Amino acid sequence: MDFDDYIKNIRFAVRTPFHSDIELINQHYEVYRAEMLDKHFKPMNTSDLHLYVCESYNIENSSAVFKGETYSIIDVAQMRFLMELNFFVMNRRIDYLLHAYYGIRNYTSIVRNDYFLEHHYSEMACDIEKDIIESDELELSTRQDLYELLCIQIDFAILHETSHYMLDINNPSRTIDMSKQNDFMLIVINAMDRTREMVRNITNRNDRHIFEELLHPTDTLYQECICDCSTLYHMTHLSQNLNGYYRPDMAILGVLLYLKHTNIITQAKYLTVIELRQALSRYYAELRYYVALEFLNDLYKANPELPHPDHFEGILYEYEAAFNEILHLVMGEDYSMLKELNDDNSKISNLRNTFDKIIGSDIKTTRLIPKDPLFPIA
Amino acid sequence: MVILETQKSNKEELLELQKQFQNQCEIIDYSSSESHEVVQLLIEVTKITAPYIAGFLTAKLSSEIIRVKKNGIDITTRLSKRGINKAKMAIELLSIDAEEDEMEEREERE
């Protein structure tokens with residue numbers, strides 16, 4: 001029983017990842033091991049820390065402790081969707097955002113044995129104005145920028161997952177005792193407190209049951225936010241000290257986009273799931289983003305040479321607005337149909353109408369498998 | 001092989017099963033932003049383990065403490081009441097179709 005057996009059981013594999021993709025992700029990991037893990041986390045031994053690259057329909061990075069050894073599992077499928085969403089941010093064309101959404105829904109419909117309304121999507125896509133993005137052109141326009149952005153996001157994913165292991169060693173009990181933590185932990189906890197206060201103020205009373213867990217977050221949420229902030233801290237440090245590795249402004253933009261992308265991927269994945277646990281996943285993703293923003297504000301105060309997070313506000317706001325547009329049009333329709341189909345309480349007639357709609361739309365269930373490697377140039 | 005999964009706070013549930021089949025299973029601490037922190041038991045399905053796994057799952061079926069994963073798919077919901085209801089509704093729908101077809105045929109004959 002080895003780790004491969006475990007992966008085969010925990011993930012629905014698309015295929016063995018392309019060699020060039022594995023190679024590039026490994027190269028990034030080695031840079032981190034040399035420049036960060038071995039230098040800054042001493043005296044911890046990183047020899048039992050492994051990177052595992054897979055490509056699965058689950059679209060999820062994770063970490064696992066197996067036979068006493070820790071694995072950071074990076075999913076190339078997630079990277080593919082991040083790249084597609086980056087394309088959207090760079091080119092300002094709604095097609096990329098739509099395409100990513102279709103892809104995510106297609107993937108997860110296979111894992112969750114759910115319905116995928118391909119034809120329905122294409123009809124809806126026609127209704128969306130392709131040029132809803134109106135503001136000025138981004139400075140990001142070259143292929144190098146896109147490549148750099150994706151590399152930053154790969155680094156973030158790797159370091160985030162390895163941070164789980166590092167923080168595990170630092171805090172075996174996994175409890176946060178503020179009196180014993182260092183300054184870094186305090187900054188993160190303060191950022192979380194401020195975010196939770198903001199959530200408390202904006203929360204609709206009807207949603208209270210969902211936000212209850214956010215207002216009293218579990219260890220998991222602390223761990224995720226601490227790993228995010230720790231990773232952000234180290235990445236800005238790397239960008240300032242490892243000359244030419246990547247630009248600090250791109251590092252911050254890349255991470256903020258990563259967190260926003262994760263939010264979008266999670267929303268698309270769990271569109272029709274109304275279980276509290278999975279609804280929480282969506283809110284967690286959003287909360288992580290705001291904690292990172294708060295943390296960056298504090299980081300800027302300590303190091304004004306870093307770009308201020310507000311600098312990216314316009315881009316991120318626009319991204320969110322465009323996604324909301326899709327949320328209301330494509331996802332809204334999708335949600336209502338699938339919910340109707342899945343709803344235990346719906347009457348037979350409702351269900352029948354839904355089936356009729358679907359049958360009338362000539363639904364296809366396809367498996368979308370990209371043909372090319374993510375990094376053909378590696 | 002099959003994976004049984006539970007929240008970290010319910011780890012004891014899986015440790016009981018692990019004690020009995022130490023050579024045929026592995027305990028894994030798993031963490032991702034979506035599934036939260038969970039503990040998994042990767043266990044080989046053999047003639048010896050199968051009845052224990054089945055009995056264990058039957059005992060925990062209604063509590064939803066344990067989730068079951070195989071080949072990357074969460075198969076827990078297949079056992080749920082909701083899944084059964086869905087299947088019942090689909091059968092009813094098929095019978096409605098058959099009735100309508102018969103009615104159409106009758107109308108055509110008339």
# chains A, B, ... in the order shown; residues from 1 in each chain; ligands from 1

call {"tool": "residues_around", "arguments": {"residues": "B:Lys69", "least_positions_apart": "5", "cutoff": "12 Å", "atoms": "only C-alpha atoms", "output": "VMD selection string"}}
result
(chain A and resid 6 to 12 111 to 112) or (chain B and resid 1 to 6 40 to 43 74 to 78)

call {"tool": "residues_around", "arguments": {"residues": "stretch 13-21 of chain B", "least_positions_apart": "6", "cutoff": "12 Å", "atoms": "only C-alpha atoms", "output": "ChimeraX atom specification"}}
result
/B:3-7,27-29,38-46,48-57,59-60,65-67

call {"tool": "closest_residue", "arguments": {"among": "B:Arg109, B:Thr58, B:Asn23, B:Glu104", "to": "chain A", "atoms": "only C-alpha atoms"}}
result
B:Asn23

call {"tool": "atom_distance", "arguments": {"atom1": "atom CA of A:Asp249", "atom2": "atom CA of A:Leu306"}}
result
7.4 Å

call {"tool": "residues_around", "arguments": {"residues": "A:Leu49", "least_positions_apart": "2", "cutoff": "8 Å", "atoms": "only C-alpha atoms", "output": "list in words"}}
result
Thr46, Ser47, Leu51, Glu69, Thr70, Tyr71, Ser72 and Thr162 of chain A

call {"tool": "atom_distance", "arguments": {"atom1": "atom CA of A:Glu305", "atom2": "atom CA of A:Thr236"}}
result
10.6 Å
